[in-house]
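Here's the structure we're looking at; comments come further down.
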Amino acid sequence: MLLLMACGAGTTDIDGSSTVFPITEAMVEDWGDSIGGSARLVIGISGTGGGFKKFCAGDIDINNASRPIKASEVEKCAEGGVEFVELPVAIDGLTVAVNLDNDFAKCVTVDELHTMWSPESEGKISRWNQVRPEWPDEKLQLYGPGVDSGTFDYFTETVNHEAQASRGDFTSSERDNVLVRGIAGDKGSLGYFGYSYFVENKDILKIIAVDGGDGCIYPTDETINDGSYAPLSRPLFIYVSKKSWEQQDVKDFVSYYTSYERAELLKELGFVPFQEKVHDLVTDRFQRGLTGSIFGGENPQKGTVEEILFDNQ
């Protein structure tokens, strides 16, 4: 938990995704420096789903989310009288990593990821050569985010064709750094998490490419931004309650957060910023206080982030 202290100001409570946490943490610190610490923000990590539980109950002001809000969560927010503004803040590529001593797994297909992670694989797929015959007959140890994580939701929906559908016999944590340490210390390991956590730990992990049907592609700033790292690229979000949006301190902070001027900070953190026109559309959406979901809910819009924002101005 990060607390930016201040004098004479109310508290802005932020929770949710561990993937988005480093962005929000850096924005809080950067913004605090720019204004001389004249605000008070508290950030926690309970996973995207855990954060939405608090958010829709009115317990926090902002939820960090590594996936769009679900229809069931929109309903919970409505029941709690919580309107919200949905803001994409960066692009991320779910990164598949193995132990540094792994000298055979250089690329994995989405079908092979399904073989490893499907519910039907539980208790059955436990050796590398069961995934691909030419791989060694060695133990396979899986590491992944917990069930409250938006990263877990996105990965399972993409790889197993249903959110939350996964084998249960893997080492899980809502904190990505726990997964990093686990993979780094386990020779037979394979796991997944946000791209930024690999960038931070590339000296102790080995990244492998993913073949989504168009050949083996590694996640990089370029492949994540241009969509060629498919299907494991996704936008990241913050959700701001409309009640909190009415507070000037929150407006100032979120406007700072979504500005294209923060693009270099996003790059330093290992995330991929949107183009300037997308940041402008996001900031405009926030300034106007447009509520509801256009990326999730019962009727998620199709297209690029820019197209969806432009069509819903």
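FYI, nothing fancy with the structure tokens labels: chains A, B, ... in order, residues from 1 per chain, ligands from 1 as they appear.
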
**Request:** Show which residues sit within 8 Å of region 62-79 of chain A, as an MDAnalysis selection string. Count only C-alpha atoms, and ignore same-chain residues fewer than 5 positions away.
**Result:** chainID A and resid 12:17 19:21 24 47:48 51:53 55:57 149:151 153:154 234:241 293 295:298

**Request:** Skip Lys277 (chain A) itself and residues of its chain fewer than 5 positions away, then list as a PyMOL selection string all residues within 10 Å of it, counting only C-alpha atoms.
**Result:** chain A and resi 260+282-283+306+310

**Request:** Would you mind reading off the distance between CA of Phe253 (chain A) and CA of Glu25 (chain A), one decimal, in Å?
**Result:** 12.1 Å

**Message:** If DSSP is run on the backbone, what residues of region 50-298 of chain A are strand (DSSP E)? A reply as an MDAnalysis selection string would be ideal.
**Reply:** chainID A and resid 62:65 84:93 95:99 107:109 141:145 171:173 189:193 205:207 209:211 216:217 233:241

**Request:** Please provide as a PyMOL selection string all residues within 12 Å of region 123-128 of chain A, with the sequence filter that same-chain residues fewer than 6 positions apart are discarded (counting only C-alpha atoms).
**Result:** chain A and resi 98+102+104-105+108+112-117+134-142+167-170+187-190

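Using only C-alpha atoms, the shortest contact distance between Lys202 (chain A) and any of A:Ser244, A:Asn99, A:Ser46, A:Asn160 is found at A:Asn99.
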
**Prompt:** CA of Glu200 (chain A) and CA of Glu276 (chain A), how far apart in Å?
**Reply:**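 Distance reported for this atom pair: 25.1 Å.
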
**Pick from A:Gln130, A:Thr304, A:Thr291, A:Ser34 nearest to Asp252 (chain A), counting only C-alpha atoms** =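 Smallest distance to Asp252 (chain A) is found for A:Ser34.
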
**Request:** For Glu246 (chain A), list every protein, DNA or RNA residue within 12 Å, evaluated using only C-alpha atoms, and leave out those in the same chain fewer than 4 positions away; present the list as an NGL selection string.
**Result:** :A and (61 or 83-85 or 240-242 or 250-252 or 254 or 286-289)

I need the chosen residues saved as a compact mmCIF listing (two decimals), in the first residue's frame, with N, CA, C and O atoms.
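Result file selection_10.txt:
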```txt
# COMPACT_ATOMS: atom_id res chain seq x y z
N ASP A 61 -12.53 5.33 -4.34
CA ASP A 61 -12.79 6.36 -5.34
C ASP A 61 -12.42 5.93 -6.75
O ASP A 61 -13.08 6.30 -7.72
N GLU A 83 -22.15 5.49 -10.03
CA GLU A 83 -21.87 5.77 -11.43
C GLU A 83 -20.37 5.90 -11.59
O GLU A 83 -19.65 6.26 -10.65
N PHE A 84 -19.87 5.66 -12.79
CA PHE A 84 -18.42 5.67 -12.97
C PHE A 84 -18.04 6.18 -14.36
O PHE A 84 -18.82 6.12 -15.31
N VAL A 85 -16.81 6.67 -14.43
CA VAL A 85 -16.19 7.07 -15.70
C VAL A 85 -15.09 6.07 -16.00
O VAL A 85 -14.21 5.82 -15.17
N VAL A 240 -13.27 5.70 -12.33
CA VAL A 240 -13.41 6.78 -11.34
C VAL A 240 -14.89 6.95 -11.03
O VAL A 240 -15.72 7.08 -11.94
N SER A 241 -15.24 6.91 -9.75
CA SER A 241 -16.65 7.09 -9.40
C SER A 241 -17.09 8.52 -9.73
O SER A 241 -16.31 9.46 -9.58
N LYS A 242 -18.33 8.68 -10.18
CA LYS A 242 -18.83 10.00 -10.55
C LYS A 242 -18.86 10.92 -9.33
O LYS A 242 -18.60 12.13 -9.44
N VAL A 250 -9.56 15.17 -7.15
CA VAL A 250 -9.60 13.97 -7.98
C VAL A 250 -9.52 14.36 -9.46
O VAL A 250 -8.80 13.73 -10.24
N LYS A 251 -10.26 15.39 -9.84
CA LYS A 251 -10.22 15.86 -11.23
C LYS A 251 -8.80 16.24 -11.64
O LYS A 251 -8.33 15.89 -12.72
N ASP A 252 -8.12 16.96 -10.76
CA ASP A 252 -6.77 17.40 -11.08
C ASP A 252 -5.82 16.21 -11.23
O ASP A 252 -5.00 16.16 -12.16
N VAL A 254 -6.53 12.94 -11.87
CA VAL A 254 -6.83 12.06 -13.01
C VAL A 254 -6.51 12.76 -14.33
O VAL A 254 -6.03 12.10 -15.27
N PHE A 286 -13.00 12.17 -19.62
CA PHE A 286 -13.01 12.40 -18.18
C PHE A 286 -13.51 13.80 -17.83
O PHE A 286 -14.33 13.96 -16.93
N GLN A 287 -13.03 14.79 -18.53
CA GLN A 287 -13.43 16.17 -18.24
C GLN A 287 -14.95 16.35 -18.39
O GLN A 287 -15.56 17.10 -17.63
N ARG A 288 -15.54 15.66 -19.34
CA ARG A 288 -16.98 15.74 -19.55
C ARG A 288 -17.77 14.85 -18.60
O ARG A 288 -19.00 14.95 -18.53
N GLY A 289 -17.07 13.98 -17.88
CA GLY A 289 -17.75 13.13 -16.91
C GLY A 289 -18.70 12.13 -17.54
O GLY A 289 -19.76 11.81 -16.98
```

**Message:** Taking only C-alpha atoms into account, name the residue in A:Gln275, A:Ser118, A:Asn225, A:Ser233 that is nearest to Val96 (chain A).
**Reply:** A:Ser233

**Message:** Please identify the helix (DSSP H, G or I) residues within region 133-178 of chain A (assignment by DSSP from backbone atoms) and present them as number ranges by chain.
**Reply:** A: 150-160, 176-178

Please produce a file of those selected residues containing N, CA and C atoms, as a compact mmCIF listing (two decimals), in the first residue's frame.
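Listing of result-v2.txt after writing:
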```txt
# COMPACT_ATOMS: atom_id res chain seq x y z
N GLY A 150 -7.67 -9.30 -12.99
CA GLY A 150 -8.13 -9.08 -14.34
C GLY A 150 -7.24 -9.76 -15.36
N THR A 151 -5.97 -9.91 -15.02
CA THR A 151 -5.04 -10.62 -15.90
C THR A 151 -5.48 -12.08 -16.03
N PHE A 152 -5.89 -12.68 -14.92
CA PHE A 152 -6.41 -14.06 -14.94
C PHE A 152 -7.66 -14.14 -15.83
N ASP A 153 -8.56 -13.18 -15.66
CA ASP A 153 -9.78 -13.17 -16.47
C ASP A 153 -9.45 -13.08 -17.96
N TYR A 154 -8.57 -12.14 -18.30
CA TYR A 154 -8.26 -11.94 -19.72
C TYR A 154 -7.57 -13.17 -20.31
N PHE A 155 -6.60 -13.71 -19.59
CA PHE A 155 -5.85 -14.86 -20.08
C PHE A 155 -6.77 -16.06 -20.26
N THR A 156 -7.60 -16.35 -19.28
CA THR A 156 -8.47 -17.53 -19.37
C THR A 156 -9.51 -17.37 -20.48
N GLU A 157 -10.04 -16.16 -20.65
CA GLU A 157 -11.01 -15.95 -21.73
C GLU A 157 -10.34 -16.10 -23.09
N THR A 158 -9.11 -15.61 -23.21
CA THR A 158 -8.40 -15.66 -24.49
C THR A 158 -7.90 -17.06 -24.81
N VAL A 159 -7.34 -17.73 -23.83
CA VAL A 159 -6.71 -19.03 -24.05
C VAL A 159 -7.70 -20.19 -23.90
N ASN A 160 -8.60 -20.08 -22.91
CA ASN A 160 -9.54 -21.17 -22.63
C ASN A 160 -10.97 -20.86 -23.06
N ASP A 176 2.12 -9.82 -8.68
CA ASP A 176 2.94 -10.32 -9.78
C ASP A 176 4.39 -10.56 -9.38
N ASN A 177 4.89 -9.79 -8.44
CA ASN A 177 6.28 -10.01 -8.01
C ASN A 177 6.47 -11.37 -7.35
N VAL A 178 5.42 -11.89 -6.74
CA VAL A 178 5.49 -13.24 -6.16
C VAL A 178 5.64 -14.26 -7.28
```

**Asked** For Glu268 (chain A), which residue among A:Tyr256, A:Trp245, A:Tyr197, A:Tyr229 is the nearest when counting only C-alpha atoms?
**Response**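 Looking only at the distances to Glu268 (chain A), the closest residue turns out to be A:Tyr197.
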
**Prompt:** Distance CA of Arg181 (chain A)-CA of Thr220 (chain A), one decimal place?
**Reply:**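 We find that CA of Arg181 (chain A) and CA of Thr220 (chain A) lie 21.7 Å from each other.
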